[in-house]
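Asker: My file is coords.pdb. It has PDB, C-alpha atoms:
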ATOM      1  CA  MET A   1     146.667 110.163 224.675
ATOM      2  CA  ALA A   2     144.266 112.661 226.291
ATOM      3  CA  THR A   3     144.111 116.324 225.340
ATOM      4  CA  PRO A   4     145.308 118.612 228.153
ATOM      5  CA  PRO A   5     142.517 120.676 229.797
ATOM      6  CA  ALA A   6     144.107 123.994 228.731
ATOM      7  CA  ALA A   7     144.129 122.922 225.060
ATOM      8  CA  ARG A   8     140.451 121.864 225.273
ATOM      9  CA  LEU A   9     139.581 125.268 226.780
ATOM     10  CA  ILE A  10     141.429 127.151 224.017
ATOM     11  CA  ASP A  11     139.775 125.015 221.327
ATOM     12  CA  LYS A  12     136.332 125.647 222.864
ATOM     13  CA  SER A  13     137.030 129.404 223.086
ATOM     14  CA  ILE A  14     138.068 129.593 219.434
ATOM     15  CA  ARG A  15     134.900 127.768 218.334
ATOM     16  CA  CYS A  16     132.781 130.111 220.462
ATOM     17  CA  ILE A  17     134.416 133.256 219.008
ATOM     18  CA  PHE A  18     134.002 131.889 215.478
ATOM     19  CA  ALA A  19     130.306 131.189 216.100
ATOM     20  CA  LEU A  20     129.800 134.729 217.452
ATOM     21  CA  LEU A  21     131.502 136.282 214.409
ATOM     22  CA  VAL A  22     129.434 134.210 211.986
ATOM     23  CA  THR A  23     126.239 135.192 213.829
ATOM     24  CA  ALA A  24     127.212 138.883 213.819
ATOM     25  CA  ILE A  25     127.920 138.825 210.078
ATOM     26  CA  ILE A  26     124.635 137.052 209.334
ATOM     27  CA  LEU A  27     122.769 139.682 211.404
ATOM     28  CA  GLY A  28     124.366 142.516 209.456
ATOM     29  CA  TRP A  29     127.282 143.670 211.584
ATOM     30  CA  GLN A  30     129.869 145.491 209.486
ATOM     31  CA  PRO A  31     133.424 145.315 210.841
ATOM     32  CA  GLY A  32     134.898 148.791 211.180
ATOM     33  CA  ALA A  33     131.667 150.697 210.496
ATOM     34  CA  ALA A  34     131.269 151.913 214.067
ATOM     35  CA  ALA A  35     134.957 152.744 214.328
ATOM     36  CA  MET A  36     134.675 154.911 211.198
ATOM     37  CA  GLY A  37     131.668 156.802 212.557
ATOM     38  CA  GLU A  38     129.292 155.261 210.039
ATOM     39  CA  ARG A  39     125.819 154.063 210.898
ATOM     40  CA  PRO A  40     124.912 150.732 209.322
ATOM     41  CA  ALA A  41     121.174 151.340 209.726
ATOM     42  CA  ALA A  42     118.919 154.276 208.866
ATOM     43  CA  GLU A  43     117.565 156.532 211.541
ATOM     44  CA  ALA A  44     113.833 156.789 211.965
ATOM     45  CA  PRO A  45     112.278 159.355 209.611
ATOM     46  CA  SER A  46     111.409 162.787 211.041
ATOM     47  CA  PRO A  47     107.825 164.068 211.181
ATOM     48  CA  GLN A  48     106.290 164.630 207.760
ATOM     49  CA  GLU A  49     105.005 167.907 206.306
ATOM     50  CA  GLU A  50     102.893 168.491 203.209
ATOM     51  CA  LEU A  51     104.530 169.979 200.110
ATOM     52  CA  VAL A  52     102.934 170.613 196.707
ATOM     53  CA  ILE A  53     104.713 171.029 193.382
ATOM     54  CA  GLU A  54     102.714 172.955 190.769
ATOM     55  CA  SER A  55     103.773 172.029 187.257
ATOM     56  CA  SER A  56     101.986 172.486 183.912
ATOM     57  CA  GLY A  57      98.661 173.189 185.632
ATOM     58  CA  ARG A  58      98.864 170.085 187.837
ATOM     59  CA  ARG A  59      99.444 169.771 191.573
ATOM     60  CA  HIS A  60     101.658 166.983 192.913
ATOM     61  CA  LEU A  61     101.368 166.307 196.645
ATOM     62  CA  PHE A  62     104.367 165.043 198.638
ATOM     63  CA  SER A  63     105.029 164.220 202.265
ATOM     64  CA  VAL A  64     108.476 165.546 203.198
ATOM     65  CA  GLU A  65     110.824 165.573 206.135
ATOM     66  CA  VAL A  66     112.337 169.011 206.680
ATOM     67  CA  ALA A  67     116.031 169.304 207.538
ATOM     68  CA  ARG A  68     116.326 172.625 209.374
ATOM     69  CA  ASP A  69     119.703 172.407 211.145
ATOM     70  CA  GLU A  70     123.262 171.535 210.182
ATOM     71  CA  ALA A  71     123.113 168.023 211.673
ATOM     72  CA  ALA A  72     119.959 167.212 209.687
ATOM     73  CA  HIS A  73     121.535 168.738 206.542
ATOM     74  CA  GLU A  74     124.579 166.489 206.922
ATOM     75  CA  ARG A  75     122.494 163.358 207.606
ATOM     76  CA  GLY A  76     119.910 163.953 204.866
ATOM     77  CA  LEU A  77     118.648 160.686 203.414
ATOM     78  CA  MET A  78     121.829 158.745 204.213
ATOM     79  CA  TYR A  79     121.441 155.043 204.946
ATOM     80  CA  ARG A  80     117.831 154.904 203.720
ATOM     81  CA  ARG A  81     117.067 151.826 201.666
ATOM     82  CA  HIS A  82     113.633 153.004 200.469
ATOM     83  CA  LEU A  83     111.794 156.240 199.780
ATOM     84  CA  ALA A  84     108.112 156.103 198.834
ATOM     85  CA  PRO A  85     107.226 157.689 195.456
ATOM     86  CA  ASP A  86     105.343 160.552 197.144
ATOM     87  CA  HIS A  87     107.938 161.270 199.857
ATOM     88  CA  GLY A  88     111.085 163.359 200.030
ATOM     89  CA  MET A  89     113.292 165.630 202.100
ATOM     90  CA  LEU A  90     113.321 169.423 202.048
ATOM     91  CA  PHE A  91     116.573 171.091 203.160
ATOM     92  CA  ASP A  92     115.899 174.568 204.594
ATOM     93  CA  PHE A  93     118.993 176.798 204.507
ATOM     94  CA  GLY A  94     117.239 179.688 206.280
ATOM     95  CA  ARG A  95     118.245 182.246 203.652
ATOM     96  CA  PRO A  96     119.297 182.136 199.985
ATOM     97  CA  ARG A  97     122.892 180.959 199.495
ATOM     98  CA  PRO A  98     124.939 178.808 197.110
ATOM     99  CA  ALA A  99     124.432 175.118 197.905
ATOM    100  CA  ALA A 100     126.013 171.804 196.986
ATOM    101  CA  MET A 101     124.730 168.306 197.704
ATOM    102  CA  TRP A 102     126.342 164.864 197.455
ATOM    103  CA  MET A 103     125.311 161.240 197.747
ATOM    104  CA  ARG A 104     127.714 159.921 200.400
ATOM    105  CA  ASN A 105     126.185 156.896 202.167
ATOM    106  CA  THR A 106     122.966 157.350 200.188
ATOM    107  CA  TYR A 107     121.703 154.019 198.879
ATOM    108  CA  ILE A 108     118.915 155.164 196.549
ATOM    109  CA  PRO A 109     119.027 157.386 193.441
ATOM    110  CA  LEU A 110     117.536 160.832 194.017
ATOM    111  CA  ASP A 111     116.298 163.784 191.981
ATOM    112  CA  ILE A 112     117.695 166.984 193.499
ATOM    113  CA  LEU A 113     115.675 170.167 192.992
ATOM    114  CA  PHE A 114     117.189 173.552 193.903
ATOM    115  CA  ILE A 115     114.606 176.165 194.979
ATOM    116  CA  ASP A 116     114.876 179.961 195.297
ATOM    117  CA  GLY A 117     113.373 182.103 198.071
ATOM    118  CA  ALA A 118     110.103 182.537 196.169
ATOM    119  CA  GLY A 119     109.589 178.778 195.911
ATOM    120  CA  ARG A 120     110.584 178.435 192.238
ATOM    121  CA  ILE A 121     112.683 175.525 191.005
ATOM    122  CA  THR A 122     115.956 176.938 189.633
ATOM    123  CA  LYS A 123     117.736 173.674 188.771
ATOM    124  CA  ILE A 124     116.907 169.972 188.587
ATOM    125  CA  HIS A 125     119.607 167.320 188.852
ATOM    126  CA  PRO A 126     117.871 164.041 187.949
ATOM    127  CA  GLN A 127     118.960 160.582 189.061
ATOM    128  CA  ALA A 128     121.865 161.461 191.362
ATOM    129  CA  GLN A 129     123.737 158.195 191.781
ATOM    130  CA  PRO A 130     124.108 156.424 195.149
ATOM    131  CA  HIS A 131     127.460 156.875 196.923
ATOM    132  CA  ASP A 132     128.713 159.498 194.413
ATOM    133  CA  GLU A 133     130.669 162.124 196.347
ATOM    134  CA  THR A 134     130.892 164.550 193.423
ATOM    135  CA  PRO A 135     129.321 167.857 194.557
ATOM    136  CA  ILE A 136     126.028 168.721 192.830
ATOM    137  CA  GLU A 137     125.992 172.521 192.858
ATOM    138  CA  SER A 138     123.067 174.929 192.801
ATOM    139  CA  ASN A 139     124.715 177.294 190.286
ATOM    140  CA  GLY A 140     123.350 180.250 192.217
ATOM    141  CA  ARG A 141     121.697 181.206 195.478
ATOM    142  CA  VAL A 142     118.887 178.945 196.723
ATOM    143  CA  ARG A 143     116.743 178.948 199.847
ATOM    144  CA  ALA A 144     116.149 175.183 199.851
ATOM    145  CA  VAL A 145     116.786 171.852 198.184
ATOM    146  CA  LEU A 146     114.185 169.137 197.671
ATOM    147  CA  GLU A 147     115.273 165.516 197.294
ATOM    148  CA  LEU A 148     112.776 163.124 195.703
ATOM    149  CA  PRO A 149     113.041 159.492 194.585
ATOM    150  CA  GLY A 150     115.124 159.209 191.412
ATOM    151  CA  GLY A 151     113.019 159.543 188.248
ATOM    152  CA  THR A 152     110.240 161.584 189.876
ATOM    153  CA  SER A 153     110.990 164.806 188.004
ATOM    154  CA  GLU A 154     110.872 163.028 184.629
ATOM    155  CA  ARG A 155     107.780 160.991 185.540
ATOM    156  CA  LEU A 156     105.868 164.133 186.556
ATOM    157  CA  GLY A 157     107.320 166.409 183.868
ATOM    158  CA  LEU A 158     108.811 168.826 186.399
ATOM    159  CA  LYS A 159     110.848 171.709 185.018
ATOM    160  CA  VAL A 160     112.792 174.805 186.025
ATOM    161  CA  GLY A 161     110.335 177.554 186.983
ATOM    162  CA  ASP A 162     107.741 175.230 188.549
ATOM    163  CA  ARG A 163     106.456 176.394 191.946
ATOM    164  CA  ILE A 164     106.872 174.685 195.306
ATOM    165  CA  ARG A 165     104.079 175.283 197.842
ATOM    166  CA  HIS A 166     105.207 174.832 201.437
ATOM    167  CA  PRO A 167     105.087 177.129 204.517
ATOM    168  CA  LEU A 168     108.809 177.763 203.990
ATOM    169  CA  PHE A 169     107.952 179.769 200.856
ATOM    170  CA  ARG A 170     105.028 181.833 202.149
ATOM    171  CA  VAL A 171     104.443 184.941 200.083
ATOM    172  CA  ARG A 172     104.635 187.987 202.328
TER     173      ARG A 172
END
Since I need it in another form, could you write the structure as structure tokens?
Answerer:
Amino acid sequence: MATPPAARLIDKSIRCIFALLVTAIILGWQPGAAAMGERPAAEAPSPQEELVIESSGRRHLFSVEVARDEAAHERGLMYRRHLAPDHGMLFDFGRPRPAAMWMRNTYIPLDILFIDGAGRITKIHPQAQPHDETPIESNGRVRAVLELPGGTSERLGLKVGDRIRHPLFRVR
């Protein structure tokens, strides 16, 4: 008995849809991600600026992206899968204020350094864990926050009171 043409067409369509779904999953498509407003891939990094941390008589040079507006503050280092040991992100709040950071959609551990208006580190939160939505608070007013790869502050011996050199903290 021969299969009716309509049944063959339906069978072929089902196989085609299945093949497309398998291909999409293999290529990294995440069902629902776009519908939830999430981005499955990282955006291209912003232009880099030089930043120096002075600690215990040593100078540590970093290349940082600077987040200057609310959209950049919200995006931060979300969706990044890698951050070079000498790179980071500096969040400029424009004026000293209380601040809180979190690790939503952040895939790599980060050290979070809170910085006052004079460019002094006021708090270090080491090894913030990926995807943790618990607020990490500044415990006071800060002008900026610097995010570095997790473990950097311990590796370099950074401490509260160390100075950040960047045009954001120019002495007037």
Asker: Taking the file as I've supplied it (selection: the PyMOL selection byres ((chain A and resi 140) around 10)), which residues are included? Please answer as a list in words.
Answerer: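 When the PyMOL selection byres ((chain A and resi 140) around 10) is applied to the shown file, the picked residues are Pro96, Arg97, Pro98, Ala99, Phe114, Asp116, Thr122, Lys123, Glu137, Ser138, Asn139, Arg141 and Val142 of chain A.
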Asker: Enumerate, as a list in words, the residues matched when the PyMOL selection byres ((chain A and resi 72) around 12) is run on the file above.
Answerer: Glu43, Pro45, Ser46, Glu65, Val66, Ala67, Arg68, Asp69, Glu70, Ala71, His73, Glu74, Arg75, Gly76, Leu77, Met78, Met89, Leu90, Phe91, Asp92 and Phe93 of chain A
Asker: Pick from A:Thr134, A:Leu110, A:Gln129, A:Pro167: nearest to A:Glu154, with all atoms listed in the file counted?
Answerer: A:Leu110
Asker: For a cut-off of 12 Å around (106.8, 158.1, 188.7), file coordinates, pick out all residues using only C-alpha atoms and list them as a list in words.
Answerer: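 Residues lying no farther than 12 Å from the given point: His60, Ala84, Pro85, Asp86, His87, Asp111, Leu148, Pro149, Gly150, Gly151, Thr152, Ser153, Glu154, Arg155, Leu156, Gly157 and Leu158 of chain A.
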Asker: My list of candidates is A:Ile121, A:Pro109, A:Ile53, A:Arg58. Which is closest to A:His166 when distances are computed with only C-alpha atoms?
Answerer: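 Nearest to A:His166: A:Ile53.
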Asker: Rounded to one decimal, what separation in Å do you get between atom CA of A:His125 and atom CA of A:Met103?
Answerer: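 Here the two named atoms are 12.2 Å from each other.
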Asker: Identify, on the basis of only C-alpha atoms, every residue whose closest approach to A:Arg120 does not exceed 8 Å; exclude the query and any residue fewer than 5 positions from it along the same chain; express the result as a list in words.
Answerer: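 Answer for this query is Ile115, Val160, Gly161, Asp162, Arg163 and Ile164 of chain A.
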Asker: Kindly give the distance, in Å, that separates atom CA of A:Ser63 and atom CA of A:Trp102, rounded to a single decimal.
Answerer: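 Straight-line distance from atom CA of A:Ser63 to atom CA of A:Trp102 works out to 21.9 Å.
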Asker: Rank A:Arg95, A:Arg143, A:Tyr107, A:Gln48 by their smallest atom-to-atom distance to A:Arg81, using only C-alpha atoms, and report the top residue only.
Answerer: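 With only C-alpha atoms as the atom set, the closest residue is A:Tyr107.
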Asker: Quick one: pull the distance between atom CA of A:Pro126 and atom CA of A:Arg170, Å, one decimal.
Answerer: 26.1 Å
Asker: Do a neighbour search on A:Asn105 at 8 Å with all atoms listed in the file, toss out local chain neighbours closer than 5 positions, and write the hits as a list in words.
Answerer: Met78, Tyr79, Pro130 and His131 of chain A
Asker: Between A:Ala100, A:Gly119, A:Ala128, A:His82, which one has atoms that come closest to A:Val52, using only C-alpha atoms?
Answerer: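 Among A:Ala100, A:Gly119, A:Ala128, A:His82, it is A:Gly119 that comes nearest to A:Val52.
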Asker: For stretch 108-121 of chain A, take all atoms listed in the file, fit an axis-aligned box around them, add 3 Å to each of the six sides, then output centre and edge lengths in Å rounded to one decimal, as lines of an AutoDock Vina configuration file.
Answerer:
center_x = 114.3
center_y = 168.9
center_z = 194.5
size_x = 15.4
size_y = 33.4
size_z = 13.1
Asker: Nearest residue to A:Val145 out of A:Leu168, A:Leu83, A:Glu50, A:Ser56, using all atoms listed in the file?
Answerer: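 With all atoms listed in the file as the atom set, the closest residue is A:Leu168.
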Asker: Could you model N, CA and C atoms for stretch 74-98 of chain A and present them as a short mmCIF file (atom, residue, chain, number, x, y, z; two decimals), in the coordinates of the input?
Answerer:
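Final output, part_39.cif:
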data_model
loop_
_atom_site.label_atom_id
_atom_site.label_comp_id
_atom_site.auth_asym_id
_atom_site.auth_seq_id
_atom_site.Cartn_x
_atom_site.Cartn_y
_atom_site.Cartn_z
N GLU A 74 123.50 167.45 207.16
CA GLU A 74 124.58 166.49 206.92
C GLU A 74 124.05 165.07 206.80
N ARG A 75 123.06 164.72 207.60
CA ARG A 75 122.49 163.36 207.61
C ARG A 75 121.63 163.11 206.37
N GLY A 76 120.77 164.08 206.04
CA GLY A 76 119.91 163.95 204.87
C GLY A 76 119.21 162.61 204.79
N LEU A 77 119.28 162.00 203.64
CA LEU A 77 118.65 160.69 203.41
C LEU A 77 119.67 159.55 203.43
N MET A 78 120.81 159.79 204.11
CA MET A 78 121.83 158.74 204.21
C MET A 78 121.24 157.49 204.84
N TYR A 79 121.74 156.37 204.40
CA TYR A 79 121.44 155.04 204.95
C TYR A 79 120.01 154.57 204.70
N ARG A 80 119.20 155.34 204.02
CA ARG A 80 117.83 154.90 203.72
C ARG A 80 117.90 153.89 202.58
N ARG A 81 117.12 152.86 202.70
CA ARG A 81 117.07 151.83 201.67
C ARG A 81 115.83 151.97 200.79
N HIS A 82 114.88 152.84 201.22
CA HIS A 82 113.63 153.00 200.47
C HIS A 82 113.09 154.41 200.71
N LEU A 83 112.49 154.97 199.67
CA LEU A 83 111.79 156.24 199.78
C LEU A 83 110.54 156.12 198.93
N ALA A 84 109.39 156.25 199.55
CA ALA A 84 108.11 156.10 198.83
C ALA A 84 108.03 157.13 197.69
N PRO A 85 107.31 156.80 196.63
CA PRO A 85 107.23 157.69 195.46
C PRO A 85 106.70 159.09 195.77
N ASP A 86 105.91 159.24 196.81
CA ASP A 86 105.34 160.55 197.14
C ASP A 86 105.98 161.15 198.41
N HIS A 87 107.22 160.75 198.69
CA HIS A 87 107.94 161.27 199.86
C HIS A 87 109.24 161.93 199.41
N GLY A 88 109.82 162.72 200.31
CA GLY A 88 111.08 163.36 200.03
C GLY A 88 111.63 164.05 201.25
N MET A 89 112.70 164.84 201.03
CA MET A 89 113.29 165.63 202.10
C MET A 89 113.55 167.03 201.57
N LEU A 90 113.13 168.02 202.37
CA LEU A 90 113.32 169.42 202.05
C LEU A 90 114.40 169.97 202.97
N PHE A 91 115.47 170.51 202.40
CA PHE A 91 116.57 171.09 203.16
C PHE A 91 116.36 172.60 203.20
N ASP A 92 116.13 173.14 204.39
CA ASP A 92 115.90 174.57 204.59
C ASP A 92 117.22 175.21 205.01
N PHE A 93 117.73 176.13 204.19
CA PHE A 93 118.99 176.80 204.51
C PHE A 93 118.79 178.11 205.26
N GLY A 94 117.53 178.50 205.49
CA GLY A 94 117.24 179.69 206.28
C GLY A 94 117.26 180.98 205.49
N ARG A 95 118.15 181.08 204.53
CA ARG A 95 118.24 182.25 203.65
C ARG A 95 118.90 181.80 202.34
N PRO A 96 118.68 182.52 201.26
CA PRO A 96 119.30 182.14 199.98
C PRO A 96 120.83 182.15 200.06
N ARG A 97 121.43 181.10 199.53
CA ARG A 97 122.89 180.96 199.50
C ARG A 97 123.26 179.91 198.46
N PRO A 98 124.50 179.90 197.98
CA PRO A 98 124.94 178.81 197.11
C PRO A 98 124.88 177.49 197.90
#
